[in-house]
Each structure stands twice: as structure tokens, then as C-alpha cells.
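Here's the structure, in C-alpha cells; my notes come after.
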Amino acid sequence: MKIDFPKPKTVTLFSTCLADLFYPQVRHSTKSLFESLGYSVTVPKDQTCCGQPAFNSGKWDQAKPVADAWIKAFQGAECVVVPSGSCTAMIRVNMPHLYEGDKDKLAQVEALAERTFELVEFLTYVHRDETVASKLAGNPVTYHYSCHQRELGLKGETEALLSASAVVCHELEGKEECCGFGGAFSARMPEISAAMLRKKLANIGQAASQGAQCVVANDLGCLMNMQCAAQKAKMDIEFKHVVELFSSETLAPGGEGRVRGT
Amino acid sequence: MTTPVGKFREKSREAMASPLLGPALKNATDKFIAGRLGTLPQLGEPESLKQEAREVKVRCIARLDQLTAQFAESYRARGGQVHFAADAQEARQILLSIARENAVKLVAKSKSMATEEIEINHFLEGQGIEVVETDLGEYIIQLAKEKPSHIITPAIHKTKEQVSSLFHEKLGTPETPDISEMTRTAKRVLRNVFLKADMGVTGANFAVAETGTLTLVTNEGNGRMVTSLPRIHVAVVGIEKIVEKLSDVPPLLKVLPASATGQKITVYFSIISGPRRPGETDGPEQSHVILLDNGRIDMLGGDYRESLYCIRCGACLNVCPVYQAVGGHSYGGTYPGPIGAVVTPLLHEEDAKYPSALPQASSLCGACRDACPVKIDLPRMLVSLRHDGVLHPAGGFSARVTGMAEGVAFRFWAWAAKSPARFHQAAKLMRWLFKLPGFKGLVRFFPPASGWAFARELPEFPERFGWEE
């Protein structure tokens, strides 16, 4: 995969609705990370959501006004960084579909989509400084590959980052299999979603028995799904967004309320 | 629950409750996935192989109207007879009249999804014509009076013990754990069928417009028997199988067995060029092709054209976590898995039980898109189908599918999310409600929270939202 995007001076952070509503530490960690890397970071006050929940449920009429608001909040950005593969995929791949009939708006959305990056994607292909891995720290982890990275053509970037760091990563059997979230799917098809979760939790249990103390992923949707299920199954393991592994020495403190399994 | 989604969920629950289904599916799909991943790179760079195969389909489907006419002309020039069937009923009537005109008593079939789609077995049997499936998997399914649960391996849901009991019950053979023994039994029965059948019915993997040729990919050799021994050969072919020229076949044939079973090459590849000609010693006296529309023409124009690129390899089923959990029968139609969830609502399939529910049967994980040898963007079409359901609630799609409670939740969400101030107020209100004693316990009984809470705790709101720095 090749992204030809010049290294920007400023980074605009789309914190995502899930981070803002449930995991604010992910927003704060992302902001601190990019500041520590020397970027001037803006976090627009008028951001809410990209519209993905409604779009994927087929409710495009409800996704569109939300997408309108997102575009308004981010249109001036030099580039947008998102701590979520699925929100990035919504913006880059799906959002243009909502404006197919409107040529000018479509061009604007497509241009904005082209300068929107998932967090690790940005670190790997735009920031391109391998020393960034040295800033990761923490207990042994296991890595779940969240599905929406497929849509972005991302494959081993996060694992490469982890393996270049001092963090021990235990292989998660079936790491590329969906955890069963799928947005509204989790509520529409609860039994099937639960079957997928059971499989995932069993594999996580195995990784835990090898020493993993934390499940890491790039998407809060997957993490919330797995964490809430692990909580119900009374499993004792942490769940963290990869950005939370950047150590406190390089980042400003902001880690209260970590994603926990118990 | 009586909504289509309710019915799908009910059927899925039944399937997941079976102690044998999960392990049987896991065995087979693990093997197929490993086979595909191991074999494709031996044939070339997988991405270029897929791209080349896709380009053939893109080009041919774009001119399908012309190619269909050209195929009909070339097939006739080879001495074959061409029939067009707008739907399943027409196809069955054409088949029946061919059988009647030729006093057919016994039909030998080789595996074909198109004939499953139009359900000919029961129909012909109702007309006093015996039909025998000669593909081993299909034969097992026919004996068990079931439908295939996988595009490539119809009896994927059955263990060898179940097959042994079935043979014992239906054929009187002793119970055996030996698969070769069971295969020999089937061979013995089927050999007589090949020799006695008056009519052979097949599908086709590719139909070549320029030459009027039908091609057939099989592993057991039964396809060759069925197309050469009986007096009459009838091929039922979905129009999307038509390609322009013979050189279009190799790129597709390269990815088909590899993606299906992990084979580098199929055991048998038959090229069928019309009926027996003077001086030839074998081959049928009559050759017919029934070109089947059944909804395909309507799929040509819009968002779903890509689904006509499908070469029915089953790779998307094998990798799909939903298929792996619920198996093929839960989909309630001919085509299960991700491709089934897309085409079942679009084809005019009479026996599909709850087609409108199927686009919901996906977490949109995208494993199918990666596995597909012609790179069909199945998740995109699943979302479009969900959307079209929303556009046409009169069709019974969305209103019933997503339910009122979810509709209210989404409207509330959209109303809030389009204005940051409202979004923040709404979040505060939710956090306040969740802190009320008993609220959290209560809300989990109502959809959509009840669906979430089936296997999970509800998430906790933080003391300070992200914007409350």
C-alpha cells in the first residue's frame, strides 16, 4: 500500500462519538500523542459523529445530515486523523455515496476523504518515523485485527508497530475474524453476534493463558463489544485502544477510566 | 416473532443448537480456507489473478444482451435448441415439455445451482418422471430430502456417521465408518442411473458466446456421464454465465477450483459442443439449453450488477463468520452465505423463505470481499440492500426488518448528532438517566438495548465526556 501525502504541519483530530461518549481517554491520548510528535493539533468543538451507524443500517436519510455536520466541522483541515478504522472507512469509502447527485459537494467530500487517515495508517505512511514505536509501553498484549482495516487496505501495520516496540504481543488465534459487533447487527442479530463473540473470547482466553493481559485493537466499536461481553462473562482482562499504549513519559497524563474487562 | 428477521433468527437459533453442525462446518470451512490461501499463490500473484478474472466478467456482463443473442445463435448452429425462461415456472415447463416429447422416464442430474433455484426435482417427480442426482453430495441430500447447504459441497452439514445411517436406512447397506465404502455404494447405484437415464440435466460454469460451447467443471466425472450417455442433454444456465470467447474461460477457470476447494485444477473439465454429429460414436441425440433470467436482467442495470460476476465458488461462504455459525439452511433459499444474502432478495426465487431479512445477516466484516476471486464488493451491496429496504417500506423490507424501537433510536440519534449542542445535551441526559436507580436494569429489557444486553453488559458513561475537558 502506498499513500503519497506530504507530512502536514497541523493535524485535526476527529475524536469519534464512541471515544467522546464512552472512552474519552482515547481522545486525550491521541491528542497528546500528536502534540508530542510535533504537530499542531486541533480538536474541533463542533464535531459529533460521521454518520456510520445510520449509513451501515441503510438509513441514509438520517446519515446524511450527520455527515453534513461532520463535513462542516472538518472542511478546513489540512488533514484529519481518526483513532478508528471504521470511522475512517465511513468517511473515505462511504460518505461520497451520500453525495452522488451533487457534483460540487461530492468533489469537496472526496478531497476531504483523501486527507483523512486512520491513526496507525497516518503514523506508518504519513508520519513515517520508525522511532515512534519506542514510545509504546505496557504489559503483554494480544492484538485483534478490526475488520474495517480491510476496507482501508491496512493489513499488518499495527502489528509491525507493536513488534518494533518493547511491548510483548501474544498471537491471537483467529485475530482476523470479526468479533461480532457490526454496529446495529449486534442488536439485530443478537444470537449470531453472541456466537461470534464466544469464539473471540475463547481465543482471547487462550492468549491470556499465554500471558497477554490486555487486548489491543484500532477500533472502539470492537473493543466496546468485546469488553462488555468479557465483563458479562467475568473474564479478567483489559481492553485498550492502541493509542493508549503510548507511555505517559511521552504523552501528557490523561488515562483515567481505562477500558477494563472487570 | 413473525418478521422475516425474526424467522431468520429462529432458524439460526435452531441450527446453532445442533451439536453436530458447528464442528462439521468448521472442519470443512477451515480446510477450504487453507486450501484457497495455499493454492492461489501457486498459480500466480493472487491479486492479479483476481483482477484478470474480474475484468472478464466486467466486460462480458456489460454486453450481456448482445452476448446472449450471439450464444443462442452459435449454439443453434451446432445443432442445439435454445429456450429462454423468464422465471422458474417457465423453465420447469420447458423442461417438462422436452421430457414429454421424448417419453423420458428417468433423468440423471449433475450438480447445478440453477436447477436448485428452479426446483425441478419435486416438480418432475410430481409428473411421474424419476430424477436422480449423481453428484455424491447432491445424491446424499436428495436421499435425505433436504436442500444443499453450501454452493460447492451441498452436504457440508452432514457428518460421515449421518451419511452412513442415511445409506443404511434408504439403501439397506450396513453401517460403516469407511468413506470409500460409502462412495462405492453410491457408485454402484449411480452407474445404473447413468446407463438407464433418458435425459441428462446439468448446469454450466461458463457458456461461450462465440462458439456456442458449454463448459462444465466437476470432480467426480458424473458431469461427463450425464452429458454423453443419455439420449437428451438439457443445460439450465443462468444468463450471467455467458462469456464472450473461449479465451475468457482460462482466467475464470484458474481462480474457480482454487477458490472453491483449494484445487489447482479441477478433476474434470468438459467442453460440450452440441449433440452427436453424423459419424460420431457417442453424445446425445438432442441438446437443449434453457437460458434462465429469473431476476437477473433486473440486476444488470443498478447497484447490484456486480453480483452477476459471481462464479459460484463458495469462498465467501467459507470465510463468513455468520455462515460458519448458522450454516446454509438458515438462509432459507438456494444460495446461502454473503452472496446468497445479496442475490436471494433480488432473484425471483419462489421458495426463498425470508429474503428481505438476509441483508441484515452480516456484520459487514468484509472477509467475503477479500476472499472473492472476482472481487465482488458484497458488503457494499448488503448496505445498499438495507438502504433500498428503507426506501421501499411498502415492500415490507425495512419497517419490519429494523423494528420501530430501533427506528426511534436512530431518529433521536440523527436529530442529536447533526447539532453538537444537542448532541452534548442528549449525552448528558442519557448519563443522568443511566444514573437513576433501576434505569439501567430496566432499559436492558427494551430494544435495541435488549439485543446488545443478550451477550454483554451495557457500557458505562464516563464522569467527563470527551468534550468536557
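Residue names in the C-alpha cells use chain letters A, B, ... in the order shown, residue numbers from 1 in each chain, and ligand numbers from 1 in the order shown.
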
Selection near Ile242 (chain B), 7 Å with only C-alpha atoms, sequence-local residues under 6 positions removed, as a list in words: Leu67, Thr68, Phe206, Ala207, Val208 and Ala209 of chain B

Take the residues from that selection and put them in a file with C-alpha atoms, as a PDB file, in the first residue's frame.
ATOM      1  CA  LEU B  67     -23.633 -11.988 -25.958  1.00  0.00           C
ATOM      2  CA  THR B  68     -26.842 -13.804 -25.067  1.00  0.00           C
ATOM      3  CA  PHE B 206     -19.273 -20.921 -18.490  1.00  0.00           C
ATOM      4  CA  ALA B 207     -21.204 -20.610 -21.747  1.00  0.00           C
ATOM      5  CA  VAL B 208     -19.152 -19.252 -24.631  1.00  0.00           C
ATOM      6  CA  ALA B 209     -20.998 -16.906 -26.991  1.00  0.00           C
TER       7      ALA B 209
END

May I have the residues within 7 Å of region 205-213 of chain A as a PyMOL selection string, using only C-alpha atoms and disregarding those fewer than 3 positions away in the same chain? chain A and resi 139-142+170-172+201-202+237-238

Leaving out Arg100 (chain B) and any residue of its chain fewer than 3 positions from it, which residues lie within 12 Å of it when counting only C-alpha atoms, given as a PyMOL selection string? chain B and resi 93-97+103-107+124+127-129+198-199+232

Convert the current residue selection to file output with C-alpha atoms, as a PDB file, in the first residue's frame.
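Final output, selection10.pdb:
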ATOM      1  CA  GLN B  93     -42.457 -26.102 -18.209  1.00  0.00           C
ATOM      2  CA  ILE B  94     -39.827 -26.068 -20.941  1.00  0.00           C
ATOM      3  CA  LEU B  95     -38.002 -28.929 -19.253  1.00  0.00           C
ATOM      4  CA  LEU B  96     -41.212 -30.878 -18.857  1.00  0.00           C
ATOM      5  CA  SER B  97     -42.228 -30.451 -22.478  1.00  0.00           C
ATOM      6  CA  ALA B 103     -41.056 -40.016 -23.446  1.00  0.00           C
ATOM      7  CA  VAL B 104     -38.436 -39.518 -20.738  1.00  0.00           C
ATOM      8  CA  LYS B 105     -38.794 -41.724 -17.671  1.00  0.00           C
ATOM      9  CA  LEU B 106     -35.510 -41.226 -15.853  1.00  0.00           C
ATOM     10  CA  VAL B 107     -33.454 -38.030 -15.528  1.00  0.00           C
ATOM     11  CA  LEU B 124     -40.642 -33.652 -12.420  1.00  0.00           C
ATOM     12  CA  GLN B 127     -45.188 -35.509 -13.237  1.00  0.00           C
ATOM     13  CA  GLY B 128     -44.168 -39.154 -12.938  1.00  0.00           C
ATOM     14  CA  ILE B 129     -40.571 -38.666 -14.068  1.00  0.00           C
ATOM     15  CA  ASP B 198     -33.127 -40.951 -20.966  1.00  0.00           C
ATOM     16  CA  MET B 199     -32.187 -37.400 -20.169  1.00  0.00           C
ATOM     17  CA  ILE B 232     -31.040 -35.940 -24.426  1.00  0.00           C
TER      18      ILE B 232
END

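Distance annotation: of B:Glu175, B:Glu117, B:Glu10, B:Asp87, the residue with the minimal separation from chain A is B:Glu10; atom set is only C-alpha atoms.
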
Can you list, as a ChimeraX atom specification, every protein, DNA or RNA residue that comes within 10 Å of Val82 (chain A) when you count only C-alpha atoms, leaving out same-chain residues fewer than 2 positions away? /A:12-16,27,30,80,84-88,116-122,218-219

From region 2-245 of chain A, collect each residue whose DSSP state is helix (DSSP H, G or I) and return the set as a ChimeraX atom specification. /A:17-21,24-36,52-56,60-74,85-99,103-114,119-127,130-135,148-151,157-163,185-188,190-209,220-232,242-245

Using only C-alpha atoms, find which residues of chain A lie within 8 Å of chain B and jot them down as number ranges by chain. A: 19-25, 27-28, 45-49, 54-60, 62-63, 65-69, 147-148, 150-151, 177-178, 180-183, 185-192, 194-196, 224-225, 228-232, 257

Would you output that residue set with C-alpha atoms, as an mmCIF file, in the first residue's frame?
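Result file is out_22.cif:
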data_model
loop_
_atom_site.group_PDB
_atom_site.id
_atom_site.type_symbol
_atom_site.label_atom_id
_atom_site.label_comp_id
_atom_site.auth_asym_id
_atom_site.auth_seq_id
_atom_site.Cartn_x
_atom_site.Cartn_y
_atom_site.Cartn_z
ATOM 1 C CA ALA A 19 -14.449 7.924 22.295
ATOM 2 C CA ASP A 20 -16.272 11.092 23.330
ATOM 3 C CA LEU A 21 -19.213 9.232 24.829
ATOM 4 C CA PHE A 22 -17.526 6.237 26.451
ATOM 5 C CA TYR A 23 -13.736 6.313 26.187
ATOM 6 C CA PRO A 24 -12.586 9.957 26.495
ATOM 7 C CA GLN A 25 -9.053 8.806 27.352
ATOM 8 C CA ARG A 27 -9.384 11.288 22.559
ATOM 9 C CA HIS A 28 -6.933 12.710 25.086
ATOM 10 C CA LYS A 45 -15.544 21.694 19.175
ATOM 11 C CA ASP A 46 -18.475 21.208 16.835
ATOM 12 C CA GLN A 47 -17.795 17.570 15.946
ATOM 13 C CA THR A 48 -20.179 14.730 16.818
ATOM 14 C CA CYS A 49 -20.245 11.630 14.584
ATOM 15 C CA ALA A 54 -27.146 5.033 10.260
ATOM 16 C CA PHE A 55 -25.309 4.532 6.965
ATOM 17 C CA ASN A 56 -24.487 0.889 7.634
ATOM 18 C CA SER A 57 -28.040 0.273 8.795
ATOM 19 C CA GLY A 58 -29.301 1.522 5.437
ATOM 20 C CA LYS A 59 -30.765 4.696 6.913
ATOM 21 C CA TRP A 60 -29.006 7.085 4.567
ATOM 22 C CA GLN A 62 -30.515 10.008 8.684
ATOM 23 C CA ALA A 63 -26.820 9.533 7.942
ATOM 24 C CA PRO A 65 -27.460 15.411 7.919
ATOM 25 C CA VAL A 66 -24.888 13.961 10.322
ATOM 26 C CA ALA A 67 -22.353 13.686 7.501
ATOM 27 C CA ASP A 68 -23.195 17.293 6.521
ATOM 28 C CA ALA A 69 -22.346 18.394 10.049
ATOM 29 C CA CYS A 147 -12.446 -5.622 10.235
ATOM 30 C CA HIS A 148 -12.707 -2.123 8.841
ATOM 31 C CA ARG A 150 -9.711 -4.348 5.329
ATOM 32 C CA GLU A 151 -11.749 -1.631 3.699
ATOM 33 C CA GLU A 177 -12.161 -12.956 12.442
ATOM 34 C CA CYS A 178 -14.874 -10.460 13.250
ATOM 35 C CA GLY A 180 -19.434 -9.926 16.132
ATOM 36 C CA PHE A 181 -20.031 -6.206 16.582
ATOM 37 C CA GLY A 182 -21.143 -4.873 13.200
ATOM 38 C CA GLY A 183 -22.972 -1.863 14.655
ATOM 39 C CA PHE A 185 -26.008 -6.090 13.719
ATOM 40 C CA SER A 186 -25.133 -6.720 17.369
ATOM 41 C CA ALA A 187 -28.659 -5.755 18.393
ATOM 42 C CA ARG A 188 -30.477 -7.029 15.303
ATOM 43 C CA MET A 189 -28.904 -10.493 15.305
ATOM 44 C CA PRO A 190 -28.002 -10.961 18.973
ATOM 45 C CA GLU A 191 -27.678 -14.761 18.899
ATOM 46 C CA ILE A 192 -25.340 -14.857 15.891
ATOM 47 C CA ALA A 194 -23.051 -13.770 20.526
ATOM 48 C CA ALA A 195 -21.780 -16.898 18.763
ATOM 49 C CA MET A 196 -19.068 -14.831 17.081
ATOM 50 C CA MET A 224 -16.558 -1.986 23.465
ATOM 51 C CA ASN A 225 -18.220 -5.115 22.106
ATOM 52 C CA CYS A 228 -18.802 -5.567 27.550
ATOM 53 C CA ALA A 229 -19.008 -9.279 26.668
ATOM 54 C CA ALA A 230 -15.905 -10.114 28.698
ATOM 55 C CA GLN A 231 -17.439 -8.217 31.584
ATOM 56 C CA LYS A 232 -20.617 -10.280 31.353
ATOM 57 C CA GLY A 257 -11.154 5.302 33.294
#

Give me every strand (DSSP E) residue in region 10-124 of chain B, going by DSSP on the backbone, as number ranges by chain. B: 81-85, 106-109

Keeping only C-alpha atoms, take the residues you just selected and write them out as a compact mmCIF listing (two decimals), in the first residue's frame.
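File written: result-v9.txt
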# COMPACT_ATOMS: atom_id res chain seq x y z
CA GLN B 81 -32.00 -25.98 -29.33
CA VAL B 82 -32.24 -22.78 -27.32
CA HIS B 83 -35.02 -21.85 -24.91
CA PHE B 84 -35.46 -18.67 -22.90
CA ALA B 85 -37.08 -18.84 -19.48
CA LEU B 106 -35.51 -41.23 -15.85
CA VAL B 107 -33.45 -38.03 -15.53
CA ALA B 108 -29.83 -38.09 -14.35
CA LYS B 109 -28.66 -34.77 -12.97

Got a sec: who's within 12 Å of Ile290 (chain B), counting only C-alpha atoms, leaving out chain neighbours fewer than 2 positions off, as a VMD selection string? chain B and resid 68 71 to 72 75 80 to 88 90 to 96 98 114 to 115 118 201 to 204 207 214 233 to 239 287 to 288 292 to 294

For CA of Ile151 (chain B) and CA of Leu166 (chain B), quote the distance in Å rounded to one decimal. 21.4 Å

So how many Å separate CA of Asp351 (chain B) and CA of Asn205 (chain B), to one decimal? 23.3 Å

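Using only C-alpha atoms, the smallest distance between any of A:Lys31, A:Lys64, A:His127, A:Lys240 and Met90 (chain A) comes from A:Lys64.
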
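Using only C-alpha atoms, the nearest neighbour of Glu240 (chain B) within the list B:Pro345, B:Cys60, B:Ala371, B:Pro275 is B:Cys60.
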
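Reported to one decimal place, the separation of CA of Ser165 (chain B) from CA of Ser330 (chain B) is 23.4 Å.
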
Here is a test: counting only C-alpha atoms, which residue of B:Gly301, B:Gly333, B:Gly44, B:Gly438 is nearest to Ala62 (chain B)? B:Gly301

Please identify all polymer residues within 7 Å of Val11 (chain A), counting only C-alpha atoms, omitting same-chain residues fewer than 4 positions from it, and present them as a list of chain:residue names. A:Tyr39, A:Ser40, A:Val41, A:Thr42, A:Glu78, A:Cys79, A:Val80, A:Val81

Selection export as a compact mmCIF listing (two decimals), in the first residue's frame, atoms kept: N, CA and C atoms:
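And here's out32.txt as it stands now:
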# COMPACT_ATOMS: atom_id res chain seq x y z
N TYR A 39 3.16 18.01 16.04
CA TYR A 39 2.10 18.59 15.21
C TYR A 39 1.32 19.61 16.02
N SER A 40 0.80 20.57 15.31
CA SER A 40 -0.16 21.46 15.94
C SER A 40 -1.53 20.79 15.81
N VAL A 41 -2.14 20.47 16.94
CA VAL A 41 -3.35 19.65 16.92
C VAL A 41 -4.60 20.49 17.19
N THR A 42 -5.58 20.34 16.32
CA THR A 42 -6.88 20.99 16.55
C THR A 42 -7.92 19.91 16.80
N GLU A 78 -6.16 20.54 7.31
CA GLU A 78 -5.05 20.17 6.43
C GLU A 78 -5.05 18.65 6.27
N CYS A 79 -5.23 17.97 7.40
CA CYS A 79 -5.51 16.54 7.34
C CYS A 79 -6.23 16.13 8.62
N VAL A 80 -7.00 15.03 8.53
CA VAL A 80 -7.81 14.58 9.66
C VAL A 80 -7.27 13.23 10.11
N VAL A 81 -7.06 13.08 11.42
CA VAL A 81 -6.63 11.79 11.95
C VAL A 81 -7.73 11.24 12.85
